[in-house]
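So this block is my_file.txt, compact mmCIF, N, CA and C atoms and all ligand atoms:
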```txt
# COMPACT_ATOMS: atom_id res chain seq x y z
N MET H 1 -116.31 -122.25 -3.00
CA MET H 1 -116.53 -123.66 -3.36
C MET H 1 -115.70 -124.53 -2.43
N ASP H 2 -116.34 -125.48 -1.74
CA ASP H 2 -115.59 -126.29 -0.78
C ASP H 2 -115.90 -127.77 -0.88
N SER H 3 -116.54 -128.17 -1.99
CA SER H 3 -116.90 -129.57 -2.13
C SER H 3 -116.55 -130.06 -3.53
N VAL H 4 -115.79 -131.16 -3.60
CA VAL H 4 -115.42 -131.74 -4.90
C VAL H 4 -116.68 -132.12 -5.67
N GLU H 5 -117.65 -132.71 -4.96
CA GLU H 5 -118.88 -133.15 -5.63
C GLU H 5 -119.60 -131.97 -6.27
N LYS H 6 -119.71 -130.89 -5.52
CA LYS H 6 -120.43 -129.73 -6.04
C LYS H 6 -119.64 -129.11 -7.21
N PHE H 7 -118.33 -129.09 -7.08
CA PHE H 7 -117.50 -128.58 -8.17
C PHE H 7 -117.73 -129.41 -9.43
N LEU H 8 -117.74 -130.73 -9.31
CA LEU H 8 -117.93 -131.60 -10.48
C LEU H 8 -119.29 -131.35 -11.13
N ALA H 9 -120.30 -131.10 -10.32
CA ALA H 9 -121.62 -130.78 -10.88
C ALA H 9 -121.52 -129.52 -11.73
N HIS H 10 -120.75 -128.55 -11.27
CA HIS H 10 -120.55 -127.31 -12.04
C HIS H 10 -119.74 -127.58 -13.31
N ALA H 11 -118.68 -128.38 -13.17
CA ALA H 11 -117.80 -128.66 -14.32
C ALA H 11 -118.57 -129.40 -15.42
N ILE H 12 -119.42 -130.34 -15.01
CA ILE H 12 -120.20 -131.11 -15.99
C ILE H 12 -121.11 -130.16 -16.77
N ARG H 13 -121.76 -129.29 -16.05
CA ARG H 13 -122.66 -128.32 -16.68
C ARG H 13 -121.88 -127.39 -17.62
N LEU H 14 -120.74 -126.94 -17.13
CA LEU H 14 -119.93 -125.98 -17.88
C LEU H 14 -119.39 -126.58 -19.18
N GLU H 15 -118.88 -127.80 -19.10
CA GLU H 15 -118.31 -128.44 -20.29
C GLU H 15 -119.40 -128.80 -21.30
N ARG H 16 -120.55 -129.15 -20.81
CA ARG H 16 -121.66 -129.47 -21.71
C ARG H 16 -122.07 -128.23 -22.50
N GLU H 17 -122.15 -127.11 -21.81
CA GLU H 17 -122.49 -125.84 -22.48
C GLU H 17 -121.40 -125.46 -23.49
N ALA H 18 -120.15 -125.67 -23.12
CA ALA H 18 -119.03 -125.33 -24.01
C ALA H 18 -119.10 -126.17 -25.28
N ALA H 19 -119.39 -127.45 -25.14
CA ALA H 19 -119.47 -128.34 -26.30
C ALA H 19 -120.60 -127.89 -27.23
N ARG H 20 -121.72 -127.53 -26.64
CA ARG H 20 -122.87 -127.08 -27.43
C ARG H 20 -122.51 -125.82 -28.21
N ARG H 21 -121.80 -124.92 -27.53
CA ARG H 21 -121.41 -123.66 -28.17
C ARG H 21 -120.47 -123.93 -29.35
N TYR H 22 -119.51 -124.83 -29.16
CA TYR H 22 -118.58 -125.14 -30.25
C TYR H 22 -119.29 -125.80 -31.42
N GLU H 23 -120.29 -126.61 -31.12
CA GLU H 23 -121.04 -127.23 -32.22
C GLU H 23 -121.77 -126.17 -33.03
N GLU H 24 -122.31 -125.16 -32.36
CA GLU H 24 -122.97 -124.05 -33.07
C GLU H 24 -121.97 -123.31 -33.94
N LEU H 25 -120.78 -123.02 -33.37
CA LEU H 25 -119.75 -122.30 -34.12
C LEU H 25 -119.28 -123.14 -35.31
N SER H 26 -119.13 -124.42 -35.11
CA SER H 26 -118.69 -125.32 -36.18
C SER H 26 -119.70 -125.31 -37.32
N ALA H 27 -120.98 -125.40 -36.98
CA ALA H 27 -122.03 -125.40 -38.00
C ALA H 27 -122.03 -124.08 -38.76
N ALA H 28 -121.84 -122.96 -38.04
CA ALA H 28 -121.85 -121.64 -38.68
C ALA H 28 -120.68 -121.51 -39.65
N MET H 29 -119.52 -122.01 -39.25
CA MET H 29 -118.35 -121.91 -40.14
C MET H 29 -118.48 -122.85 -41.33
N GLY H 30 -119.17 -123.97 -41.13
CA GLY H 30 -119.45 -124.88 -42.24
C GLY H 30 -120.32 -124.18 -43.28
N THR H 31 -121.32 -123.44 -42.81
CA THR H 31 -122.21 -122.68 -43.69
C THR H 31 -121.45 -121.60 -44.44
N GLU H 32 -120.46 -121.01 -43.74
CA GLU H 32 -119.61 -119.97 -44.33
C GLU H 32 -118.65 -120.55 -45.38
N GLY H 33 -118.55 -121.86 -45.45
CA GLY H 33 -117.61 -122.50 -46.36
C GLY H 33 -116.20 -122.57 -45.80
N ASN H 34 -116.05 -122.28 -44.50
CA ASN H 34 -114.73 -122.35 -43.87
C ASN H 34 -114.56 -123.72 -43.22
N ARG H 35 -114.16 -124.68 -44.03
CA ARG H 35 -114.13 -126.06 -43.54
C ARG H 35 -113.04 -126.28 -42.51
N GLU H 36 -111.95 -125.55 -42.66
CA GLU H 36 -110.84 -125.72 -41.72
C GLU H 36 -111.28 -125.31 -40.31
N LEU H 37 -111.91 -124.13 -40.23
CA LEU H 37 -112.35 -123.62 -38.92
C LEU H 37 -113.53 -124.45 -38.38
N ALA H 38 -114.40 -124.89 -39.29
CA ALA H 38 -115.51 -125.76 -38.87
C ALA H 38 -114.94 -127.03 -38.22
N GLY H 39 -113.87 -127.56 -38.83
CA GLY H 39 -113.22 -128.75 -38.28
C GLY H 39 -112.59 -128.48 -36.93
N PHE H 40 -111.94 -127.32 -36.81
CA PHE H 40 -111.32 -126.94 -35.53
C PHE H 40 -112.37 -126.84 -34.43
N PHE H 41 -113.46 -126.12 -34.70
CA PHE H 41 -114.50 -125.99 -33.67
C PHE H 41 -115.12 -127.35 -33.35
N GLY H 42 -115.23 -128.20 -34.36
CA GLY H 42 -115.73 -129.56 -34.13
C GLY H 42 -114.82 -130.33 -33.17
N ARG H 43 -113.49 -130.14 -33.35
CA ARG H 43 -112.54 -130.81 -32.44
C ARG H 43 -112.65 -130.24 -31.03
N MET H 44 -112.84 -128.91 -30.93
CA MET H 44 -112.98 -128.29 -29.61
C MET H 44 -114.25 -128.81 -28.91
N ALA H 45 -115.32 -129.00 -29.67
CA ALA H 45 -116.54 -129.59 -29.10
C ALA H 45 -116.23 -130.98 -28.56
N HIS H 46 -115.45 -131.73 -29.35
CA HIS H 46 -115.06 -133.08 -28.95
C HIS H 46 -114.27 -133.04 -27.63
N PHE H 47 -113.31 -132.10 -27.53
CA PHE H 47 -112.50 -132.02 -26.32
C PHE H 47 -113.35 -131.63 -25.10
N SER H 48 -114.32 -130.76 -25.31
CA SER H 48 -115.20 -130.40 -24.20
C SER H 48 -115.98 -131.62 -23.73
N ARG H 49 -116.44 -132.43 -24.69
CA ARG H 49 -117.18 -133.64 -24.31
C ARG H 49 -116.28 -134.66 -23.62
N LEU H 50 -115.00 -134.70 -24.08
CA LEU H 50 -114.02 -135.57 -23.45
C LEU H 50 -113.78 -135.14 -22.00
N HIS H 51 -113.63 -133.84 -21.84
CA HIS H 51 -113.40 -133.27 -20.52
C HIS H 51 -114.62 -133.55 -19.63
N LEU H 52 -115.78 -133.43 -20.25
CA LEU H 52 -117.03 -133.73 -19.56
C LEU H 52 -117.05 -135.18 -19.11
N ALA H 53 -116.62 -136.08 -20.01
CA ALA H 53 -116.60 -137.51 -19.68
C ALA H 53 -115.63 -137.78 -18.53
N GLN H 54 -114.49 -137.08 -18.56
CA GLN H 54 -113.52 -137.25 -17.47
C GLN H 54 -114.10 -136.76 -16.14
N ALA H 55 -114.78 -135.62 -16.21
CA ALA H 55 -115.39 -135.08 -14.99
C ALA H 55 -116.46 -136.04 -14.47
N THR H 56 -117.23 -136.59 -15.40
CA THR H 56 -118.29 -137.52 -15.02
C THR H 56 -117.69 -138.80 -14.42
N GLU H 57 -116.58 -139.24 -15.03
CA GLU H 57 -115.91 -140.45 -14.56
C GLU H 57 -115.37 -140.26 -13.14
N ARG H 58 -114.75 -139.12 -12.93
CA ARG H 58 -114.30 -138.81 -11.57
C ARG H 58 -115.49 -138.82 -10.62
N GLY H 59 -116.59 -138.29 -11.14
CA GLY H 59 -117.80 -138.22 -10.34
C GLY H 59 -118.35 -139.60 -10.02
N GLY H 60 -117.98 -140.59 -10.87
CA GLY H 60 -118.47 -141.95 -10.68
C GLY H 60 -118.04 -142.54 -9.36
N PHE H 61 -116.92 -142.02 -8.82
CA PHE H 61 -116.45 -142.50 -7.54
C PHE H 61 -117.14 -141.79 -6.38
N ARG H 62 -117.96 -140.84 -6.76
CA ARG H 62 -118.62 -140.02 -5.74
C ARG H 62 -120.07 -139.84 -6.13
N ASP H 63 -120.78 -139.18 -5.29
CA ASP H 63 -122.15 -138.80 -5.59
C ASP H 63 -122.16 -137.39 -6.12
N VAL H 64 -122.18 -137.25 -7.45
CA VAL H 64 -122.29 -135.89 -7.97
C VAL H 64 -123.74 -135.46 -7.80
N PRO H 65 -123.98 -134.43 -7.03
CA PRO H 65 -125.36 -134.04 -6.77
C PRO H 65 -126.02 -133.47 -8.02
N THR H 66 -127.31 -133.72 -8.17
CA THR H 66 -128.08 -133.03 -9.21
C THR H 66 -128.57 -131.73 -8.58
N LEU H 67 -128.04 -130.64 -9.07
CA LEU H 67 -128.37 -129.34 -8.47
C LEU H 67 -129.55 -128.70 -9.17
N ALA H 68 -130.39 -128.08 -8.41
CA ALA H 68 -131.44 -127.25 -9.00
C ALA H 68 -130.77 -125.96 -9.50
N ALA H 69 -131.45 -125.28 -10.42
CA ALA H 69 -130.86 -124.09 -11.04
C ALA H 69 -130.34 -123.11 -9.99
N ASP H 70 -131.08 -122.94 -8.90
CA ASP H 70 -130.69 -121.94 -7.90
C ASP H 70 -129.65 -122.46 -6.91
N GLU H 71 -129.24 -123.73 -7.07
CA GLU H 71 -128.20 -124.26 -6.19
C GLU H 71 -126.80 -124.14 -6.79
N TYR H 72 -126.75 -123.78 -8.08
CA TYR H 72 -125.44 -123.53 -8.69
C TYR H 72 -124.91 -122.22 -8.15
N ASP H 73 -123.60 -122.20 -8.05
CA ASP H 73 -122.95 -121.04 -7.46
C ASP H 73 -122.03 -120.43 -8.52
N TRP H 74 -122.63 -119.82 -9.56
CA TRP H 74 -121.86 -119.21 -10.64
C TRP H 74 -121.58 -117.75 -10.31
N PRO H 75 -120.45 -117.25 -10.77
CA PRO H 75 -120.25 -115.80 -10.66
C PRO H 75 -121.38 -115.11 -11.43
N ASP H 76 -122.01 -114.15 -10.86
CA ASP H 76 -123.13 -113.42 -11.48
C ASP H 76 -124.33 -114.31 -11.77
N GLY H 77 -124.34 -115.52 -11.26
CA GLY H 77 -125.50 -116.39 -11.44
C GLY H 77 -125.64 -117.01 -12.82
N ILE H 78 -124.63 -116.84 -13.68
CA ILE H 78 -124.71 -117.34 -15.06
C ILE H 78 -123.56 -118.32 -15.30
N PRO H 79 -123.84 -119.48 -15.94
CA PRO H 79 -122.73 -120.37 -16.25
C PRO H 79 -121.66 -119.62 -17.03
N PRO H 80 -120.40 -119.65 -16.57
CA PRO H 80 -119.36 -118.78 -17.12
C PRO H 80 -119.15 -118.92 -18.62
N GLU H 81 -119.22 -120.14 -19.16
CA GLU H 81 -118.92 -120.26 -20.58
C GLU H 81 -120.09 -119.84 -21.46
N THR H 82 -121.23 -119.56 -20.87
CA THR H 82 -122.35 -119.12 -21.70
C THR H 82 -122.73 -117.67 -21.44
N ALA H 83 -122.06 -117.02 -20.48
CA ALA H 83 -122.36 -115.61 -20.22
C ALA H 83 -122.21 -114.83 -21.52
N ASP H 84 -123.12 -113.93 -21.77
CA ASP H 84 -123.07 -113.09 -22.98
C ASP H 84 -123.18 -113.88 -24.28
N TRP H 85 -123.57 -115.13 -24.19
CA TRP H 85 -123.68 -115.95 -25.40
C TRP H 85 -125.01 -115.67 -26.06
N ALA H 86 -124.98 -114.85 -27.08
CA ALA H 86 -126.22 -114.44 -27.74
C ALA H 86 -126.56 -115.39 -28.88
N GLY H 87 -125.76 -116.43 -29.03
CA GLY H 87 -125.97 -117.34 -30.16
C GLY H 87 -125.14 -116.88 -31.34
N VAL H 88 -125.06 -117.73 -32.33
CA VAL H 88 -124.21 -117.43 -33.48
C VAL H 88 -124.99 -116.60 -34.48
N ASP H 89 -124.40 -115.51 -34.84
CA ASP H 89 -124.95 -114.59 -35.82
C ASP H 89 -124.77 -115.19 -37.22
N ALA H 90 -125.78 -115.12 -38.04
CA ALA H 90 -125.70 -115.70 -39.39
C ALA H 90 -124.60 -115.06 -40.22
N MET H 91 -124.26 -113.80 -39.90
CA MET H 91 -123.26 -113.07 -40.68
C MET H 91 -121.86 -113.20 -40.07
N MET H 92 -121.75 -114.04 -39.05
CA MET H 92 -120.48 -114.11 -38.34
C MET H 92 -119.34 -114.61 -39.23
N ASP H 93 -118.22 -113.87 -39.20
CA ASP H 93 -117.05 -114.33 -39.95
C ASP H 93 -116.09 -115.08 -39.03
N ALA H 94 -114.98 -115.52 -39.59
CA ALA H 94 -114.04 -116.33 -38.82
C ALA H 94 -113.53 -115.58 -37.59
N ARG H 95 -113.20 -114.31 -37.76
CA ARG H 95 -112.71 -113.50 -36.64
C ARG H 95 -113.73 -113.39 -35.53
N GLY H 96 -114.97 -113.12 -35.93
CA GLY H 96 -116.05 -113.01 -34.95
C GLY H 96 -116.25 -114.31 -34.19
N ALA H 97 -116.19 -115.42 -34.91
CA ALA H 97 -116.39 -116.73 -34.29
C ALA H 97 -115.26 -117.04 -33.31
N LEU H 98 -114.01 -116.76 -33.73
CA LEU H 98 -112.86 -117.02 -32.86
C LEU H 98 -112.89 -116.12 -31.62
N THR H 99 -113.31 -114.87 -31.81
CA THR H 99 -113.39 -113.93 -30.69
C THR H 99 -114.41 -114.42 -29.67
N LEU H 100 -115.56 -114.86 -30.16
CA LEU H 100 -116.61 -115.37 -29.28
C LEU H 100 -116.12 -116.61 -28.51
N ALA H 101 -115.44 -117.49 -29.24
CA ALA H 101 -114.92 -118.70 -28.60
C ALA H 101 -113.87 -118.36 -27.55
N LEU H 102 -113.01 -117.40 -27.87
CA LEU H 102 -111.94 -117.01 -26.94
C LEU H 102 -112.53 -116.41 -25.66
N GLU H 103 -113.56 -115.56 -25.81
CA GLU H 103 -114.20 -114.98 -24.62
C GLU H 103 -114.76 -116.08 -23.72
N GLY H 104 -115.38 -117.08 -24.33
CA GLY H 104 -115.93 -118.20 -23.57
C GLY H 104 -114.85 -118.97 -22.82
N GLU H 105 -113.74 -119.24 -23.51
CA GLU H 105 -112.64 -119.98 -22.88
C GLU H 105 -112.02 -119.17 -21.74
N ARG H 106 -111.91 -117.86 -21.93
CA ARG H 106 -111.34 -117.02 -20.87
C ARG H 106 -112.22 -117.05 -19.63
N ARG H 107 -113.54 -117.01 -19.83
CA ARG H 107 -114.45 -117.07 -18.68
C ARG H 107 -114.36 -118.42 -17.99
N GLY H 108 -114.27 -119.49 -18.79
CA GLY H 108 -114.15 -120.83 -18.22
C GLY H 108 -112.87 -120.94 -17.40
N HIS H 109 -111.78 -120.44 -17.97
CA HIS H 109 -110.50 -120.47 -17.26
C HIS H 109 -110.59 -119.68 -15.96
N ALA H 110 -111.18 -118.49 -16.03
CA ALA H 110 -111.28 -117.64 -14.83
C ALA H 110 -112.08 -118.35 -13.74
N TYR H 111 -113.14 -119.06 -14.16
CA TYR H 111 -113.96 -119.76 -13.18
C TYR H 111 -113.15 -120.83 -12.45
N TYR H 112 -112.49 -121.71 -13.21
CA TYR H 112 -111.72 -122.79 -12.59
C TYR H 112 -110.55 -122.23 -11.77
N ALA H 113 -109.90 -121.21 -12.30
CA ALA H 113 -108.75 -120.63 -11.59
C ALA H 113 -109.20 -120.00 -10.27
N THR H 114 -110.37 -119.37 -10.28
CA THR H 114 -110.90 -118.76 -9.06
C THR H 114 -111.20 -119.83 -8.01
N VAL H 115 -111.81 -120.93 -8.45
CA VAL H 115 -112.09 -122.02 -7.51
C VAL H 115 -110.78 -122.55 -6.94
N ALA H 116 -109.78 -122.77 -7.82
CA ALA H 116 -108.48 -123.29 -7.36
C ALA H 116 -107.83 -122.35 -6.36
N ALA H 117 -107.99 -121.05 -6.59
CA ALA H 117 -107.32 -120.05 -5.74
C ALA H 117 -108.04 -119.85 -4.42
N THR H 118 -109.34 -120.09 -4.38
CA THR H 118 -110.11 -119.70 -3.20
C THR H 118 -110.59 -120.86 -2.33
N THR H 119 -110.57 -122.08 -2.87
CA THR H 119 -111.10 -123.19 -2.06
C THR H 119 -110.15 -123.52 -0.89
N THR H 120 -110.74 -124.01 0.17
CA THR H 120 -109.94 -124.43 1.32
C THR H 120 -109.71 -125.94 1.30
N ASP H 121 -110.34 -126.63 0.33
CA ASP H 121 -110.21 -128.09 0.22
C ASP H 121 -108.99 -128.41 -0.65
N PRO H 122 -107.97 -129.06 -0.08
CA PRO H 122 -106.74 -129.29 -0.85
C PRO H 122 -106.95 -130.18 -2.08
N GLU H 123 -107.83 -131.15 -2.01
CA GLU H 123 -108.09 -132.03 -3.15
C GLU H 123 -108.78 -131.24 -4.27
N LEU H 124 -109.74 -130.42 -3.88
CA LEU H 124 -110.45 -129.60 -4.87
C LEU H 124 -109.50 -128.59 -5.50
N LYS H 125 -108.57 -128.09 -4.72
CA LYS H 125 -107.59 -127.12 -5.24
C LYS H 125 -106.81 -127.74 -6.41
N VAL H 126 -106.36 -128.97 -6.23
CA VAL H 126 -105.60 -129.67 -7.28
C VAL H 126 -106.48 -129.92 -8.50
N LEU H 127 -107.69 -130.40 -8.26
CA LEU H 127 -108.60 -130.73 -9.35
C LEU H 127 -108.96 -129.48 -10.16
N ALA H 128 -109.32 -128.41 -9.48
CA ALA H 128 -109.70 -127.18 -10.17
C ALA H 128 -108.51 -126.60 -10.94
N ALA H 129 -107.32 -126.75 -10.39
CA ALA H 129 -106.11 -126.26 -11.07
C ALA H 129 -105.87 -127.05 -12.36
N GLU H 130 -106.17 -128.34 -12.35
CA GLU H 130 -106.06 -129.16 -13.58
C GLU H 130 -107.03 -128.67 -14.65
N PHE H 131 -108.25 -128.41 -14.24
CA PHE H 131 -109.25 -127.89 -15.19
C PHE H 131 -108.80 -126.52 -15.71
N ALA H 132 -108.28 -125.68 -14.83
CA ALA H 132 -107.84 -124.35 -15.23
C ALA H 132 -106.70 -124.46 -16.25
N ALA H 133 -105.77 -125.40 -16.03
CA ALA H 133 -104.64 -125.58 -16.94
C ALA H 133 -105.12 -125.98 -18.33
N GLU H 134 -106.13 -126.84 -18.36
CA GLU H 134 -106.68 -127.27 -19.65
C GLU H 134 -107.32 -126.10 -20.38
N GLU H 135 -108.07 -125.28 -19.64
CA GLU H 135 -108.70 -124.11 -20.26
C GLU H 135 -107.65 -123.11 -20.72
N ALA H 136 -106.55 -122.99 -19.98
CA ALA H 136 -105.47 -122.08 -20.38
C ALA H 136 -104.89 -122.51 -21.73
N GLU H 137 -104.81 -123.82 -21.97
CA GLU H 137 -104.34 -124.32 -23.27
C GLU H 137 -105.31 -123.92 -24.38
N HIS H 138 -106.61 -124.00 -24.10
CA HIS H 138 -107.61 -123.62 -25.10
C HIS H 138 -107.50 -122.12 -25.40
N VAL H 139 -107.33 -121.33 -24.35
CA VAL H 139 -107.18 -119.87 -24.53
C VAL H 139 -105.98 -119.59 -25.42
N ALA H 140 -104.84 -120.24 -25.13
CA ALA H 140 -103.61 -120.00 -25.89
C ALA H 140 -103.80 -120.39 -27.36
N GLU H 141 -104.47 -121.52 -27.59
CA GLU H 141 -104.66 -121.98 -28.97
C GLU H 141 -105.55 -121.01 -29.74
N LEU H 142 -106.60 -120.50 -29.09
CA LEU H 142 -107.49 -119.55 -29.77
C LEU H 142 -106.79 -118.23 -30.02
N GLU H 143 -105.93 -117.81 -29.09
CA GLU H 143 -105.18 -116.55 -29.29
C GLU H 143 -104.28 -116.66 -30.50
N VAL H 144 -103.62 -117.81 -30.67
CA VAL H 144 -102.74 -118.03 -31.83
C VAL H 144 -103.56 -117.97 -33.11
N ARG H 145 -104.70 -118.66 -33.12
CA ARG H 145 -105.55 -118.67 -34.32
C ARG H 145 -106.08 -117.28 -34.65
N LEU H 146 -106.48 -116.56 -33.62
CA LEU H 146 -107.02 -115.21 -33.84
C LEU H 146 -105.94 -114.28 -34.39
N ALA H 147 -104.72 -114.42 -33.85
CA ALA H 147 -103.61 -113.59 -34.32
C ALA H 147 -103.29 -113.87 -35.78
N GLY H 148 -103.53 -115.11 -36.23
CA GLY H 148 -103.23 -115.48 -37.61
C GLY H 148 -104.39 -115.27 -38.55
N CYS H 149 -105.49 -114.73 -38.03
CA CYS H 149 -106.71 -114.58 -38.83
C CYS H 149 -106.78 -113.17 -39.39
N PRO H 150 -106.94 -113.00 -40.69
CA PRO H 150 -106.97 -111.65 -41.27
C PRO H 150 -108.15 -110.82 -40.73
N ALA H 151 -107.92 -109.55 -40.51
CA ALA H 151 -108.94 -108.65 -39.96
C ALA H 151 -110.06 -108.42 -40.98
ZN ZN T 201 -112.13 -124.98 -22.89
```

Any chance you could give the structure as structure tokens?
Amino acid sequence: MDSVEKFLAHAIRLEREAARRYEELSAAMGTEGNRELAGFFGRMAHFSRLHLAQATERGGFRDVPTLAADEYDWPDGIPPETADWAGVDAMMDARGALTLALEGERRGHAYYATVAATTTDPELKVLAAEFAAEEAEHVAELEVRLAGCPA
């Protein structure tokens, strides 16, 4: 990855998918009667949309290209936060939901960290590292919740 504009196009797509996923998890936990976790996933959806808005705002100073599906440059060709996303299982419990969310955050973090580590563009390096740091916070928060969740 060597273009801030192209990176932002990826980030916008990635955060939008993440928000959608959290909304699904929130709805599933609401159905389960787990209001606390439903609220948490709802907040995570909100943060993804906030992050998306920030990415879009940064893009406002530039021309964020509209990429065709085959112009995205995802590892394995799949948006990282949706890889292996089979949708929410009706029988999913809190542990299952947190595990699924954690896997998504880890993939998102790995994506941004890889861009930060491999790009030759110094501005993009800083930007991708900021996104990676934010995802690292999400990973840490989910790990704490999962550790406190009964098996
Ligand atoms: Zn995240």

Using only C-alpha atoms - which residues lie no farther than 7 Å from the point (-116.3, -125.0, -33.8) in the file's frame? Write them as a PyMOL selection string. chain H and resi 22-26+37-42+44-45

Limited to N, CA and C atoms, could you put the picked residues into a file as a compact mmCIF listing (two decimals), keeping the file's coordinate frame?
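Output below, filename result_10.txt:
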```txt
# COMPACT_ATOMS: atom_id res chain seq x y z
N TYR H 22 -119.51 -124.83 -29.16
CA TYR H 22 -118.58 -125.14 -30.25
C TYR H 22 -119.29 -125.80 -31.42
N GLU H 23 -120.29 -126.61 -31.12
CA GLU H 23 -121.04 -127.23 -32.22
C GLU H 23 -121.77 -126.17 -33.03
N GLU H 24 -122.31 -125.16 -32.36
CA GLU H 24 -122.97 -124.05 -33.07
C GLU H 24 -121.97 -123.31 -33.94
N LEU H 25 -120.78 -123.02 -33.37
CA LEU H 25 -119.75 -122.30 -34.12
C LEU H 25 -119.28 -123.14 -35.31
N SER H 26 -119.13 -124.42 -35.11
CA SER H 26 -118.69 -125.32 -36.18
C SER H 26 -119.70 -125.31 -37.32
N LEU H 37 -111.91 -124.13 -40.23
CA LEU H 37 -112.35 -123.62 -38.92
C LEU H 37 -113.53 -124.45 -38.38
N ALA H 38 -114.40 -124.89 -39.29
CA ALA H 38 -115.51 -125.76 -38.87
C ALA H 38 -114.94 -127.03 -38.22
N GLY H 39 -113.87 -127.56 -38.83
CA GLY H 39 -113.22 -128.75 -38.28
C GLY H 39 -112.59 -128.48 -36.93
N PHE H 40 -111.94 -127.32 -36.81
CA PHE H 40 -111.32 -126.94 -35.53
C PHE H 40 -112.37 -126.84 -34.43
N PHE H 41 -113.46 -126.12 -34.70
CA PHE H 41 -114.50 -125.99 -33.67
C PHE H 41 -115.12 -127.35 -33.35
N GLY H 42 -115.23 -128.20 -34.36
CA GLY H 42 -115.73 -129.56 -34.13
C GLY H 42 -114.82 -130.33 -33.17
N MET H 44 -112.84 -128.91 -30.93
CA MET H 44 -112.98 -128.29 -29.61
C MET H 44 -114.25 -128.81 -28.91
N ALA H 45 -115.32 -129.00 -29.67
CA ALA H 45 -116.54 -129.59 -29.10
C ALA H 45 -116.23 -130.98 -28.56
```

I want to know what sits within 6 Å of Met1 (chain H), based on all atoms listed in the file, with residues of the same chain fewer than 4 positions away left out; could you give that as JSON, numbers by chain? {"H": [118, 119, 120]}

Dump the neighbourhood of ligand ZN 201 (chain T) as a ChimeraX atom specification: all residues within 6 Å, distances computed on only N, CA and C atoms and all ligand atoms. /H:105,134-135,138

Dig up all the protein and nucleic acid residues within 10 Å of (-122.9, -133.0, -9.2) in the file frame, using only C-alpha atoms, and format them as a list in words.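 Protein, DNA and RNA residues close to (-122.9, -133.0, -9.2): Ser3, Val4, Glu5, Lys6, Phe7, Leu8, Ala9, His10, Ala11, Ile12, Arg13, Ala55, Thr56, Gly59, Arg62, Asp63, Val64, Pro65, Thr66, Leu67 and Tyr72 of chain H.
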
Among listed residues H:Asp2, H:Arg95, H:Glu103, H:Ala53, nearest Pro150 (chain H) (using only N, CA and C atoms): H:Arg95

To one decimal in Å, tell me the separation between CA of Lys125 (chain H) and CA of Val139 (chain H). 20.6 Å

Can you measure atom N of Arg107 (chain H) to atom N of Asp73 (chain H) for me? One decimal in Å is fine.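 If I compute the distance from atom N of Arg107 (chain H) to atom N of Asp73 (chain H), I get 16.3 Å.
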
Would you please work out which residue, of H:Arg35, H:Glu123, H:Phe47, H:Glu71, is nearest to Glu137 (chain H) when using only C-alpha atoms? H:Phe47

As a ChimeraX atom specification, list the residues of chain H assigned to alpha helix (DSSP H) by DSSP on the backbone atoms of this structure. /H:4-31,35-60,94-118,122-147

Which residue of H:Met29, H:Ala94, H:Asp89, H:Tyr111 approaches Pro75 (chain H) most closely, using only N, CA and C atoms: H:Tyr111

One decimal, in Å: what's the spacing between atom N of His51 (chain H) and atom N of Arg20 (chain H)?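 About the pair atom N of His51 (chain H) and atom N of Arg20 (chain H): they are 11.3 Å apart.
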
Kindly provide, as JSON, the centre and edge lengths (Å, one decimal) of an axis-aligned box around all atoms of region 96-107 of chain H given in the file, with 3 Å on each side.
```
{"center_x": -114.0, "center_y": -116.5, "center_z": -27.0, "size_x": 11.3, "size_y": 13.0, "size_z": 23.9}
```

Select, from H:Val88, H:Thr99, H:Phe131, H:Pro122, the residue with the minimum atom-to-atom distance to Val144 (chain H), counting only C-alpha atoms. H:Thr99

In terms of only C-alpha atoms, the residue from H:Glu130, H:Asp121, H:Asp70, H:Glu32 at minimal distance from Ala97 (chain H) is H:Glu32

From the set H:Gly96, H:Met91, H:Ala101, H:Gln54, which residue has the shortest atom-to-atom contact distance to Arg21 (chain H), counting all atoms listed in the file?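 Under the stated criterion, the closest residue is H:Ala101.
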